[in-house]
Each structure stands twice: as C-alpha cells, then as structure tokens.
>>> print(open('work_13.pdb').read())   # PDB, C-alpha atoms
MODEL        1
ATOM      1  CA  MET N 293     -11.961 -19.057   6.384
ATOM      2  CA  GLU N 294     -15.019 -17.003   5.660
ATOM      3  CA  LYS N 295     -14.943 -13.332   6.480
ATOM      4  CA  ARG N 296     -17.563 -10.747   5.721
ATOM      5  CA  GLY N 297     -16.439  -7.662   3.894
ATOM      6  CA  GLY N 298     -14.947  -6.982   0.559
ATOM      7  CA  PHE N 299     -17.110  -5.808  -2.275
ATOM      8  CA  GLU N 300     -20.802  -5.287  -1.531
ATOM      9  CA  GLY N 301     -20.641  -7.552   1.534
ATOM     10  CA  GLN N 302     -19.802 -10.746  -0.302
ATOM     11  CA  ALA N 303     -17.977 -13.548   1.516
ATOM     12  CA  VAL N 304     -14.208 -13.714   1.035
ATOM     13  CA  HIS N 305     -12.614 -17.127   0.455
ATOM     14  CA  PRO N 306      -8.893 -17.705  -0.121
ATOM     15  CA  GLY N 307      -8.307 -20.022  -3.012
ATOM     16  CA  LYS N 308      -5.871 -21.181  -5.590
ATOM     17  CA  TYR N 309      -5.044 -17.650  -6.780
ATOM     18  CA  ALA N 310      -6.070 -15.270  -3.987
ATOM     19  CA  LEU N 311      -3.847 -15.152  -0.913
ATOM     20  CA  VAL N 312      -4.588 -13.760   2.516
ATOM     21  CA  GLU N 313      -2.804 -10.429   2.875
ATOM     22  CA  ARG N 314      -1.408  -9.752   6.334
ATOM     23  CA  GLU N 315       0.293  -6.432   6.882
ATOM     24  CA  ARG N 316       0.732  -3.737   9.479
ATOM     25  CA  ARG N 317       1.206  -0.070   8.546
ATOM     26  CA  PHE N 318       3.043   2.662  10.457
ATOM     27  CA  LEU N 319       3.406   6.423  10.024
ATOM     28  CA  LEU N 320       6.982   7.665  10.082
ATOM     29  CA  ALA N 321       8.120  11.262  10.520
ATOM     30  CA  GLU N 322      10.820  10.978   7.849
ATOM     31  CA  PRO N 323      12.292   8.665   5.206
ATOM     32  CA  PRO N 324      14.887   6.069   6.221
ATOM     33  CA  PRO N 325      18.562   7.000   6.110
ATOM     34  CA  PRO N 326      20.154   5.952   2.788
ATOM     35  CA  SER N 327      22.567   3.627   4.608
ATOM     36  CA  ALA N 328      19.615   1.478   5.807
ATOM     37  CA  VAL N 329      18.116   0.999   2.320
ATOM     38  CA  THR N 330      18.829  -2.281   0.513
ATOM     39  CA  VAL N 331      16.721  -1.696  -2.634
ATOM     40  CA  SER N 332      14.670   1.211  -3.948
ATOM     41  CA  ARG N 333      12.082   1.550  -6.661
ATOM     42  CA  VAL N 334       9.835   4.254  -8.053
ATOM     43  CA  ILE N 335       6.226   3.051  -8.095
ATOM     44  CA  SER N 336       3.420   4.383 -10.257
ATOM     45  CA  ASP N 337       0.018   2.984  -9.291
ATOM     46  CA  ARG N 338      -3.127   3.326 -11.372
ATOM     47  CA  TYR N 339      -6.323   2.563  -9.424
ATOM     48  CA  VAL N 340      -8.720   1.559 -12.200
ATOM     49  CA  THR N 341     -11.941   3.561 -11.885
ATOM     50  CA  GLY N 342     -14.951   1.601 -10.625
ATOM     51  CA  THR N 343     -12.962  -1.546  -9.726
ATOM     52  CA  ARG N 344     -10.807  -3.085  -7.009
ATOM     53  CA  LEU N 345      -7.916  -3.292  -9.480
ATOM     54  CA  ARG N 346      -4.545  -1.606  -9.196
ATOM     55  CA  LEU N 347      -2.090  -1.478 -12.096
ATOM     56  CA  ARG N 348       1.486  -1.040 -10.887
ATOM     57  CA  ARG N 349       4.735  -0.109 -12.593
ATOM     58  CA  ALA N 350       7.806  -0.440 -10.392
ATOM     59  CA  ASP N 351      11.115   0.868 -11.763
ATOM     60  CA  PHE N 352      13.995  -0.486  -9.673
ATOM     61  CA  SER N 353      17.252   1.337  -9.056
ATOM     62  CA  ASP N 354      19.123  -1.475 -10.850
ATOM     63  CA  GLY N 355      17.167  -0.869 -14.078
ATOM     64  CA  ARG N 356      14.592  -3.650 -13.744
ATOM     65  CA  CYS N 357      10.938  -2.896 -14.352
ATOM     66  CA  GLU N 358       8.062  -4.879 -12.843
ATOM     67  CA  LEU N 359       4.535  -4.585 -14.216
ATOM     68  CA  LYS N 360       1.580  -6.150 -12.436
ATOM     69  CA  LEU N 361      -2.154  -6.077 -12.000
ATOM     70  CA  THR N 362      -3.441  -6.520  -8.452
ATOM     71  CA  GLN N 363      -6.890  -7.119  -7.062
ATOM     72  CA  LYS N 364      -7.425  -6.488  -3.356
ATOM     73  CA  VAL N 365     -10.608  -7.645  -1.653
ATOM     74  CA  PRO N 366     -10.620  -6.091   1.821
ATOM     75  CA  VAL N 367     -12.245  -7.565   4.924
ATOM     76  CA  ALA N 368     -14.062  -5.471   7.478
ATOM     77  CA  GLN N 369     -12.173  -6.422  10.624
ATOM     78  CA  PRO N 370      -9.397  -4.854  12.680
ATOM     79  CA  GLY N 371      -5.862  -6.220  12.679
ATOM     80  CA  ALA N 372      -3.220  -7.380  10.281
ATOM     81  CA  VAL N 373      -5.474  -9.470   8.008
ATOM     82  CA  GLN N 374      -6.317  -6.935   5.334
ATOM     83  CA  GLY N 375      -8.196  -9.287   2.999
ATOM     84  CA  LEU N 376      -7.322 -11.205  -0.122
ATOM     85  CA  ILE N 377      -4.781 -10.225  -2.745
ATOM     86  CA  THR N 378      -4.231 -11.581  -6.236
ATOM     87  CA  ASN N 379      -1.293 -10.494  -8.431
ATOM     88  CA  THR N 380      -0.790 -11.059 -12.140
ATOM     89  CA  TYR N 381       2.531 -10.125 -13.751
ATOM     90  CA  LEU N 382       2.195  -8.428 -17.128
ATOM     91  CA  SER N 383       4.150  -7.913 -20.309
ATOM     92  CA  PRO N 384       4.686  -4.306 -21.462
ATOM     93  CA  ALA N 385       1.990  -4.748 -24.137
ATOM     94  CA  GLU N 386      -0.517  -6.080 -21.581
ATOM     95  CA  TYR N 387       0.327  -3.226 -19.226
ATOM     96  CA  ASP N 388      -0.231  -0.651 -21.978
ATOM     97  CA  VAL N 389      -3.696  -2.048 -22.789
ATOM     98  CA  ILE N 390      -4.839  -1.879 -19.160
ATOM     99  CA  ALA N 391      -3.156   1.507 -18.633
ATOM    100  CA  SER N 392      -5.534   2.943 -21.248
ATOM    101  CA  LEU N 393      -8.438   2.518 -18.782
ATOM    102  CA  SER N 394      -9.617   5.427 -16.657
ATOM    103  CA  ALA N 395      -7.725   5.466 -13.355
ATOM    104  CA  ALA N 396      -6.647   7.578 -10.398
ATOM    105  CA  LEU N 397      -2.865   7.924 -10.116
ATOM    106  CA  LEU N 398      -0.563   7.628  -7.116
ATOM    107  CA  SER N 399       3.237   7.797  -7.142
ATOM    108  CA  LYS N 400       5.826   7.030  -4.495
ATOM    109  CA  THR N 401       9.313   5.719  -3.933
ATOM    110  CA  ARG N 402       9.578   2.487  -1.965
ATOM    111  CA  PHE N 403      12.695   1.825   0.061
ATOM    112  CA  SER N 404      13.367  -1.693   1.307
ATOM    113  CA  VAL N 405      14.588  -1.525   4.887
ATOM    114  CA  PRO N 406      14.119  -5.139   5.984
ATOM    115  CA  PRO N 407      11.699  -6.205   7.258
ATOM    116  CA  LEU N 408       9.898  -3.057   6.107
ATOM    117  CA  GLY N 409       8.913  -1.421   2.880
ATOM    118  CA  VAL N 410       8.955   2.348   3.426
ATOM    119  CA  ASP N 411       6.900   4.438   1.007
ATOM    120  CA  VAL N 412       7.737   8.108   0.488
ATOM    121  CA  PHE N 413       4.886   9.678  -1.453
ATOM    122  CA  ASP N 414       5.036  12.266  -4.239
ATOM    123  CA  GLY N 415       2.663  14.866  -5.602
ATOM    124  CA  HIS N 416      -0.253  15.946  -3.439
ATOM    125  CA  LEU N 417       0.734  13.258  -0.888
ATOM    126  CA  GLN N 418       4.249  14.686  -0.426
ATOM    127  CA  GLY N 419       5.281  14.525   3.222
ATOM    128  CA  LEU N 420       3.553  11.193   3.846
ATOM    129  CA  VAL N 421       5.948   8.408   4.858
ATOM    130  CA  LEU N 422       4.385   4.990   5.513
ATOM    131  CA  ALA N 423       6.149   1.795   6.531
ATOM    132  CA  GLU N 424       4.591  -1.621   5.945
ATOM    133  CA  ALA N 425       5.522  -5.040   7.220
ATOM    134  CA  GLU N 426       4.014  -8.167   5.632
ATOM    135  CA  PHE N 427       3.517 -11.502   7.377
ATOM    136  CA  THR N 428       2.713 -15.096   6.504
ATOM    137  CA  THR N 429       1.010 -15.947   9.808
ATOM    138  CA  ASP N 430      -1.179 -14.208  12.370
ATOM    139  CA  ASP N 431       1.381 -14.983  15.093
ATOM    140  CA  GLU N 432       4.147 -13.207  13.154
ATOM    141  CA  ALA N 433       1.922 -10.163  12.714
ATOM    142  CA  GLN N 434       0.929 -10.019  16.372
ATOM    143  CA  SER N 435       4.482 -10.377  17.696
ATOM    144  CA  PHE N 436       6.013  -7.759  15.364
ATOM    145  CA  VAL N 437       7.638  -4.824  17.161
ATOM    146  CA  PRO N 438       6.975  -1.451  15.471
ATOM    147  CA  PRO N 439      10.001   0.186  13.839
ATOM    148  CA  ALA N 440      12.134   2.825  15.514
ATOM    149  CA  GLY N 441      10.873   6.230  14.519
ATOM    150  CA  CYS N 442       7.283   5.000  14.336
ATOM    151  CA  VAL N 443       4.907   7.877  15.059
ATOM    152  CA  ALA N 444       1.774   5.708  15.097
ATOM    153  CA  GLU N 445       0.418   2.419  13.852
ATOM    154  CA  VAL N 446      -2.261   3.049  11.213
ATOM    155  CA  THR N 447      -3.074  -0.548  10.269
ATOM    156  CA  ASP N 448      -6.725  -0.031  11.211
ATOM    157  CA  ASP N 449      -6.968   3.512   9.817
ATOM    158  CA  THR N 450      -8.361   2.929   6.321
ATOM    159  CA  ARG N 451      -7.454   6.493   5.330
ATOM    160  CA  PHE N 452      -3.872   5.244   4.962
ATOM    161  CA  THR N 453      -4.604   2.550   2.361
ATOM    162  CA  GLY N 454      -3.614   3.152  -1.249
ATOM    163  CA  GLY N 455      -7.198   2.992  -2.475
ATOM    164  CA  ARG N 456      -8.194   5.785  -0.099
ATOM    165  CA  LEU N 457      -5.021   7.865  -0.395
ATOM    166  CA  VAL N 458      -5.371   8.074  -4.166
ATOM    167  CA  GLN N 459      -8.711   9.869  -3.622
ATOM    168  CA  ALA N 460      -7.526  12.177  -0.823
ATOM    169  CA  SER N 461      -6.987  15.881  -1.317
ATOM    170  CA  ARG N 462      -3.862  17.618  -0.037
ATOM    171  CA  HIS N 463      -5.995  19.367   2.583
ATOM    172  CA  GLU N 464      -7.447  16.050   3.812
ATOM    173  CA  LEU N 465      -4.003  14.450   4.049
ATOM    174  CA  LEU N 466      -2.574  17.339   6.069
ATOM    175  CA  GLY N 467      -5.541  17.096   8.462
ATOM    176  CA  TRP N 468      -5.070  13.350   8.910
ATOM    177  CA  LEU N 469      -1.346  13.738   9.551
ATOM    178  CA  ALA N 470      -1.991  16.564  12.036
ATOM    179  CA  GLU N 471      -4.192  14.164  14.039
ATOM    180  CA  TYR N 472      -1.007  12.130  14.567
ATOM    181  CA  GLY N 473       1.135  15.175  15.368
ATOM    182  CA  LEU N 474       2.789  15.378  11.938
ATOM    183  CA  HIS N 475       3.033  18.678  10.054
ATOM    184  CA  PRO N 476       5.068  18.049   6.875
ATOM    185  CA  GLU N 477       4.563  21.524   5.387
ATOM    186  CA  ALA N 478       6.043  23.118   8.515
ATOM    187  CA  ALA N 479       9.185  20.976   8.058
ATOM    188  CA  GLN N 480       9.817  22.200   4.515
TER     189      GLN N 480
ENDMDL
END
>>> encode(input="work_13.pdb", output="structure tokens")
Amino acid sequence: MEKRGGFEGQAVHPGKYALVERERRFLLAEPPPPSAVTVSRVISDRYVTGTRLRLRRADFSDGRCELKLTQKVPVAQPGAVQGLITNTYLSPAEYDVIASLSAALLSKTRFSVPPLGVDVFDGHLQGLVLAEAEFTTDDEAQSFVPPAGCVAEVTDDTRFTGGRLVQASRHELLGWLAEYGLHPEAAQ
C-alpha cells in the first residue's frame, strides 16, 4: 500500500513497526453516563514541538500508569484510514527524558464505552467531547453505525485531531463546535 501524504509528501508504507490506523471520530453533546463506562483514565499528551511525536501518560482509575511515545504519519485521503501509527512503551526514566523536550500540552479523560473511547477534554478545550472507534479492516470501518447521541461525524475534519486541537485557541474551538450546533459555554 502506497499512499501520498504524511510528512512533506513522502510515501507512506506500513512495515514491521508501523501499523495502519483506522478510526472514525464523532462529536458528542455530552459525556457518557457513568453506568456505561467500563474503564477510565486521565491522559496527558505532549506533542513534541517540530515533530510528529506524541508523548502520552495515561493514569488509569485502577492505579496503573501507561507511558508511551507515538508517531503518527497521516495520509491525505478521506475516510477511516488515518495513516500509520507506531507506539513505543516507555519506562518512567525514558518518559522523563523525552518529557524534557519542548511540547504543546493537551489533557483529557478517556472513558471506555465499548466499542468507543470517549474523550472529555480539559483546559481550553473544555466542552469538547469526542468519541473514537478503531478498526482492523476497511470493511469494519465502513459498516460501523455511529453511536447514539452522535451530533456529527468528524473523521474527515482535521480540526478534530489531537495534533490540531493542541494548537487551537478557545475561540477557535467554540467556533468549530458552533458549526456543528454545539455551544458548550451556554450549557454551563
């Protein structure tokens, strides 16, 4: 599979370490009810300045902590195939070294509501609730039925990717959400 896109127009080739990432994203008006949640975790993402790298710390409700470095190489095409993703799990010492690099920060709480991961954002992104579903095949992605409470599918709206959201101002976010009929500040 060769797809154009990614970084400076280079070809993207899945290989031994990079996997094809297939996901669909949906805007929700509100977080899931607690009774629907199977697992939750607080996620702190650091988007390393000048790279395609994301450093993630996920603190689970059961006390576990997961540290990983991710590289995402996007493809310029519509649909569920987002590009290639490579994950490396880190020790606390490795995480601390990479965390010393300049980065933009994003924080959220992820609720597992199978088959979805629902992200409720903090800070300047408060009021944004995104649901994601991941797939192993194109057929699975195409046949997926959007979740109840879905306001809009934003899979092809790159404004709702982590790499873009981390750069967005509060004003920009509120404008984007208003385009979909969402007004989180009015609900507060």
>>> residues_around(input="work_13.pdb", residues="segment 417-432 of chain N", least_positions_apart="3", cutoff="8 Å", atoms="all atoms listed in the file", output="CSV table (one decimal) with C-alpha atoms, in the frame of the given file")
chain,number,residue,atom,x,y,z
N,313,GLU,CA,-2.8,-10.4,2.9
N,314,ARG,CA,-1.4,-9.8,6.3
N,315,GLU,CA,0.3,-6.4,6.9
N,316,ARG,CA,0.7,-3.7,9.5
N,317,ARG,CA,1.2,-0.1,8.5
N,318,PHE,CA,3.0,2.7,10.5
N,319,LEU,CA,3.4,6.4,10.0
N,320,LEU,CA,7.0,7.7,10.1
N,321,ALA,CA,8.1,11.3,10.5
N,322,GLU,CA,10.8,11.0,7.8
N,323,PRO,CA,12.3,8.7,5.2
N,372,ALA,CA,-3.2,-7.4,10.3
N,373,VAL,CA,-5.5,-9.5,8.0
N,407,PRO,CA,11.7,-6.2,7.3
N,408,LEU,CA,9.9,-3.1,6.1
N,409,GLY,CA,8.9,-1.4,2.9
N,410,VAL,CA,9.0,2.3,3.4
N,411,ASP,CA,6.9,4.4,1.0
N,412,VAL,CA,7.7,8.1,0.5
N,413,PHE,CA,4.9,9.7,-1.5
N,414,ASP,CA,5.0,12.3,-4.2
N,435,SER,CA,4.5,-10.4,17.7
N,436,PHE,CA,6.0,-7.8,15.4
N,457,LEU,CA,-5.0,7.9,-0.4
N,462,ARG,CA,-3.9,17.6,0.0
N,465,LEU,CA,-4.0,14.4,4.0
N,469,LEU,CA,-1.3,13.7,9.6
N,476,PRO,CA,5.1,18.0,6.9
N,477,GLU,CA,4.6,21.5,5.4
>>> resolve_selection(input="work_13.pdb", expression="the PyMOL selection byres ((chain N and resi 382) around 9)", output="ChimeraX atom specification")
/N:358-361,380-381,383-387
>>> closest_residue(input="work_13.pdb", among="N:Pro325, N:Arg349, N:Thr450, N:Pro439", to="Ser399 of chain N", atoms="all atoms listed in the file")
N:Arg349
>>> closest_residue(input="work_13.pdb", among="N:Ala440, N:Leu398, N:Ala470, N:Ala391", to="Leu347 of chain N", atoms="all atoms listed in the file")
N:Ala391
>>> atom_distance(input="work_13.pdb", atom1="atom CA of Cys442 of chain N", atom2="atom CA of Gly473 of chain N")
11.9 Å
>>> residues_around(input="work_13.pdb", residues="Asp354 of chain N", least_positions_apart="5", cutoff="9 Å", atoms="only C-alpha atoms", output="PyMOL selection string")
chain N and resi 331-333
>>> atom_distance(input="work_13.pdb", atom1="atom CA of Lys400 of chain N", atom2="atom CA of Val329 of chain N")
15.3 Å
>>> residues_near_point(input="work_13.pdb", point="(13.4, 0.6, -5.5)", cutoff="9 Å", atoms="all atoms listed in the file", output="CSV table (one decimal) with C-alpha atoms, in the frame of the given file")
chain,number,residue,atom,x,y,z
N,330,THR,CA,18.8,-2.3,0.5
N,331,VAL,CA,16.7,-1.7,-2.6
N,332,SER,CA,14.7,1.2,-3.9
N,333,ARG,CA,12.1,1.6,-6.7
N,334,VAL,CA,9.8,4.3,-8.1
N,335,ILE,CA,6.2,3.1,-8.1
N,350,ALA,CA,7.8,-0.4,-10.4
N,351,ASP,CA,11.1,0.9,-11.8
N,352,PHE,CA,14.0,-0.5,-9.7
N,353,SER,CA,17.3,1.3,-9.1
N,354,ASP,CA,19.1,-1.5,-10.8
N,401,THR,CA,9.3,5.7,-3.9
N,402,ARG,CA,9.6,2.5,-2.0
N,403,PHE,CA,12.7,1.8,0.1
N,404,SER,CA,13.4,-1.7,1.3
>>> atom_distance(input="work_13.pdb", atom1="atom CA of Ala328 of chain N", atom2="atom CA of Arg348 of chain N")
24.8 Å
>>> residues_around(input="work_13.pdb", residues="Ala396 of chain N", least_positions_apart="3", cutoff="7 Å", atoms="only C-alpha atoms", output="PyMOL selection string")
chain N and resi 338-341+458
>>> closest_residue(input="work_13.pdb", among="N:Asn379, N:Cys357, N:Arg344, N:Pro326", to="Lys308 of chain N", atoms="all atoms listed in the file")
N:Asn379
>>> residues_around(input="work_13.pdb", residues="Thr378 of chain N", least_positions_apart="4", cutoff="8 Å", atoms="all atoms listed in the file", output="PyMOL selection string")
chain N and resi 309-311+362-364
>>> write_last_selection(input="work_13.pdb", atoms="C-alpha atoms", output="short mmCIF file (atom, residue, chain, number, x, y, z; two decimals), keeping the file's coordinate frame")
data_model
loop_
_atom_site.label_atom_id
_atom_site.label_comp_id
_atom_site.auth_asym_id
_atom_site.auth_seq_id
_atom_site.Cartn_x
_atom_site.Cartn_y
_atom_site.Cartn_z
CA TYR N 309 -5.04 -17.65 -6.78
CA ALA N 310 -6.07 -15.27 -3.99
CA LEU N 311 -3.85 -15.15 -0.91
CA THR N 362 -3.44 -6.52 -8.45
CA GLN N 363 -6.89 -7.12 -7.06
CA LYS N 364 -7.42 -6.49 -3.36
#
>>> closest_residue(input="work_13.pdb", among="N:Pro366, N:Arg356, N:Pro324, N:His463", to="Val405 of chain N", atoms="all atoms listed in the file")
N:Pro324
>>> axis_aligned_box(input="work_13.pdb", around="segment 441-458 of chain N", padding_each_side="8 Å", output="JSON")
{"center_x": 1.3, "center_y": 3.8, "center_z": 5.5, "size_x": 35.2, "size_y": 24.6, "size_z": 35.3}
>>> build_atoms(input="work_13.pdb", residues="segment 414-438 of chain N", atoms="N, CA, C and O atoms", output="PDB file, in the frame of the given file")
ATOM      1  N   ASP N 414       4.799  11.101  -3.391  1.00  0.00           N
ATOM      2  CA  ASP N 414       5.036  12.266  -4.239  1.00  0.00           C
ATOM      3  C   ASP N 414       3.734  13.033  -4.443  1.00  0.00           C
ATOM      4  O   ASP N 414       2.672  12.619  -3.984  1.00  0.00           O
ATOM      5  N   GLY N 415       3.842  14.111  -5.199  1.00  0.00           N
ATOM      6  CA  GLY N 415       2.663  14.866  -5.602  1.00  0.00           C
ATOM      7  C   GLY N 415       1.903  15.437  -4.420  1.00  0.00           C
ATOM      8  O   GLY N 415       2.503  15.907  -3.448  1.00  0.00           O
ATOM      9  N   HIS N 416       0.578  15.358  -4.496  1.00  0.00           N
ATOM     10  CA  HIS N 416      -0.253  15.946  -3.439  1.00  0.00           C
ATOM     11  C   HIS N 416      -0.139  15.194  -2.109  1.00  0.00           C
ATOM     12  O   HIS N 416      -0.602  15.676  -1.085  1.00  0.00           O
ATOM     13  N   LEU N 417       0.517  14.026  -2.118  1.00  0.00           N
ATOM     14  CA  LEU N 417       0.734  13.258  -0.888  1.00  0.00           C
ATOM     15  C   LEU N 417       2.144  13.462  -0.320  1.00  0.00           C
ATOM     16  O   LEU N 417       2.540  12.772   0.612  1.00  0.00           O
ATOM     17  N   GLN N 418       2.884  14.427  -0.892  1.00  0.00           N
ATOM     18  CA  GLN N 418       4.249  14.686  -0.426  1.00  0.00           C
ATOM     19  C   GLN N 418       4.239  14.982   1.066  1.00  0.00           C
ATOM     20  O   GLN N 418       3.390  15.719   1.570  1.00  0.00           O
ATOM     21  N   GLY N 419       5.196  14.377   1.774  1.00  0.00           N
ATOM     22  CA  GLY N 419       5.281  14.525   3.222  1.00  0.00           C
ATOM     23  C   GLY N 419       4.778  13.301   3.956  1.00  0.00           C
ATOM     24  O   GLY N 419       5.045  13.118   5.136  1.00  0.00           O
ATOM     25  N   LEU N 420       4.049  12.433   3.250  1.00  0.00           N
ATOM     26  CA  LEU N 420       3.553  11.193   3.846  1.00  0.00           C
ATOM     27  C   LEU N 420       4.626  10.121   3.710  1.00  0.00           C
ATOM     28  O   LEU N 420       5.132   9.864   2.610  1.00  0.00           O
ATOM     29  N   VAL N 421       4.986   9.507   4.836  1.00  0.00           N
ATOM     30  CA  VAL N 421       5.948   8.408   4.858  1.00  0.00           C
ATOM     31  C   VAL N 421       5.288   7.264   5.628  1.00  0.00           C
ATOM     32  O   VAL N 421       4.985   7.398   6.811  1.00  0.00           O
ATOM     33  N   LEU N 422       5.031   6.165   4.927  1.00  0.00           N
ATOM     34  CA  LEU N 422       4.385   4.990   5.513  1.00  0.00           C
ATOM     35  C   LEU N 422       5.323   3.798   5.441  1.00  0.00           C
ATOM     36  O   LEU N 422       5.951   3.569   4.409  1.00  0.00           O
ATOM     37  N   ALA N 423       5.385   3.045   6.514  1.00  0.00           N
ATOM     38  CA  ALA N 423       6.149   1.795   6.531  1.00  0.00           C
ATOM     39  C   ALA N 423       5.159   0.645   6.634  1.00  0.00           C
ATOM     40  O   ALA N 423       4.161   0.737   7.351  1.00  0.00           O
ATOM     41  N   GLU N 424       5.430  -0.430   5.902  1.00  0.00           N
ATOM     42  CA  GLU N 424       4.591  -1.621   5.945  1.00  0.00           C
ATOM     43  C   GLU N 424       5.452  -2.833   6.219  1.00  0.00           C
ATOM     44  O   GLU N 424       6.575  -2.934   5.717  1.00  0.00           O
ATOM     45  N   ALA N 425       4.891  -3.737   7.000  1.00  0.00           N
ATOM     46  CA  ALA N 425       5.522  -5.040   7.220  1.00  0.00           C
ATOM     47  C   ALA N 425       4.495  -6.087   6.838  1.00  0.00           C
ATOM     48  O   ALA N 425       3.317  -5.969   7.210  1.00  0.00           O
ATOM     49  N   GLU N 426       4.906  -7.093   6.069  1.00  0.00           N
ATOM     50  CA  GLU N 426       4.014  -8.167   5.632  1.00  0.00           C
ATOM     51  C   GLU N 426       4.372  -9.453   6.366  1.00  0.00           C
ATOM     52  O   GLU N 426       5.538  -9.682   6.693  1.00  0.00           O
ATOM     53  N   PHE N 427       3.345 -10.295   6.576  1.00  0.00           N
ATOM     54  CA  PHE N 427       3.517 -11.502   7.377  1.00  0.00           C
ATOM     55  C   PHE N 427       2.826 -12.690   6.730  1.00  0.00           C
ATOM     56  O   PHE N 427       1.831 -12.520   6.025  1.00  0.00           O
ATOM     57  N   THR N 428       3.342 -13.881   7.019  1.00  0.00           N
ATOM     58  CA  THR N 428       2.713 -15.096   6.504  1.00  0.00           C
ATOM     59  C   THR N 428       1.757 -15.717   7.510  1.00  0.00           C
ATOM     60  O   THR N 428       0.883 -16.488   7.127  1.00  0.00           O
ATOM     61  N   THR N 429       1.907 -15.381   8.796  1.00  0.00           N
ATOM     62  CA  THR N 429       1.010 -15.947   9.808  1.00  0.00           C
ATOM     63  C   THR N 429       0.490 -14.848  10.731  1.00  0.00           C
ATOM     64  O   THR N 429       1.108 -13.781  10.868  1.00  0.00           O
ATOM     65  N   ASP N 430      -0.627 -15.141  11.394  1.00  0.00           N
ATOM     66  CA  ASP N 430      -1.179 -14.208  12.370  1.00  0.00           C
ATOM     67  C   ASP N 430      -0.219 -14.007  13.534  1.00  0.00           C
ATOM     68  O   ASP N 430      -0.076 -12.885  14.034  1.00  0.00           O
ATOM     69  N   ASP N 431       0.444 -15.084  13.976  1.00  0.00           N
ATOM     70  CA  ASP N 431       1.381 -14.983  15.093  1.00  0.00           C
ATOM     71  C   ASP N 431       2.533 -14.035  14.775  1.00  0.00           C
ATOM     72  O   ASP N 431       2.939 -13.222  15.618  1.00  0.00           O
ATOM     73  N   GLU N 432       3.068 -14.119  13.560  1.00  0.00           N
ATOM     74  CA  GLU N 432       4.147 -13.207  13.154  1.00  0.00           C
ATOM     75  C   GLU N 432       3.666 -11.760  13.227  1.00  0.00           C
ATOM     76  O   GLU N 432       4.382 -10.885  13.715  1.00  0.00           O
ATOM     77  N   ALA N 433       2.467 -11.521  12.729  1.00  0.00           N
ATOM     78  CA  ALA N 433       1.922 -10.163  12.714  1.00  0.00           C
ATOM     79  C   ALA N 433       1.727  -9.625  14.129  1.00  0.00           C
ATOM     80  O   ALA N 433       2.067  -8.473  14.414  1.00  0.00           O
ATOM     81  N   GLN N 434       1.204 -10.454  15.005  1.00  0.00           N
ATOM     82  CA  GLN N 434       0.929 -10.019  16.372  1.00  0.00           C
ATOM     83  C   GLN N 434       2.198  -9.771  17.176  1.00  0.00           C
ATOM     84  O   GLN N 434       2.230  -8.894  18.038  1.00  0.00           O
ATOM     85  N   SER N 435       3.258 -10.515  16.903  1.00  0.00           N
ATOM     86  CA  SER N 435       4.482 -10.377  17.696  1.00  0.00           C
ATOM     87  C   SER N 435       5.454  -9.330  17.134  1.00  0.00           C
ATOM     88  O   SER N 435       6.476  -9.044  17.759  1.00  0.00           O
ATOM     89  N   PHE N 436       5.117  -8.735  15.992  1.00  0.00           N
ATOM     90  CA  PHE N 436       6.013  -7.759  15.364  1.00  0.00           C
ATOM     91  C   PHE N 436       6.140  -6.504  16.232  1.00  0.00           C
ATOM     92  O   PHE N 436       5.157  -5.968  16.736  1.00  0.00           O
ATOM     93  N   VAL N 437       7.360  -6.046  16.402  1.00  0.00           N
ATOM     94  CA  VAL N 437       7.638  -4.824  17.161  1.00  0.00           C
ATOM     95  C   VAL N 437       7.723  -3.656  16.172  1.00  0.00           C
ATOM     96  O   VAL N 437       8.486  -3.728  15.198  1.00  0.00           O
ATOM     97  N   PRO N 438       6.942  -2.602  16.390  1.00  0.00           N
ATOM     98  CA  PRO N 438       6.975  -1.451  15.471  1.00  0.00           C
ATOM     99  C   PRO N 438       8.385  -0.894  15.302  1.00  0.00           C
ATOM    100  O   PRO N 438       9.210  -0.972  16.217  1.00  0.00           O
TER     101      PRO N 438
END
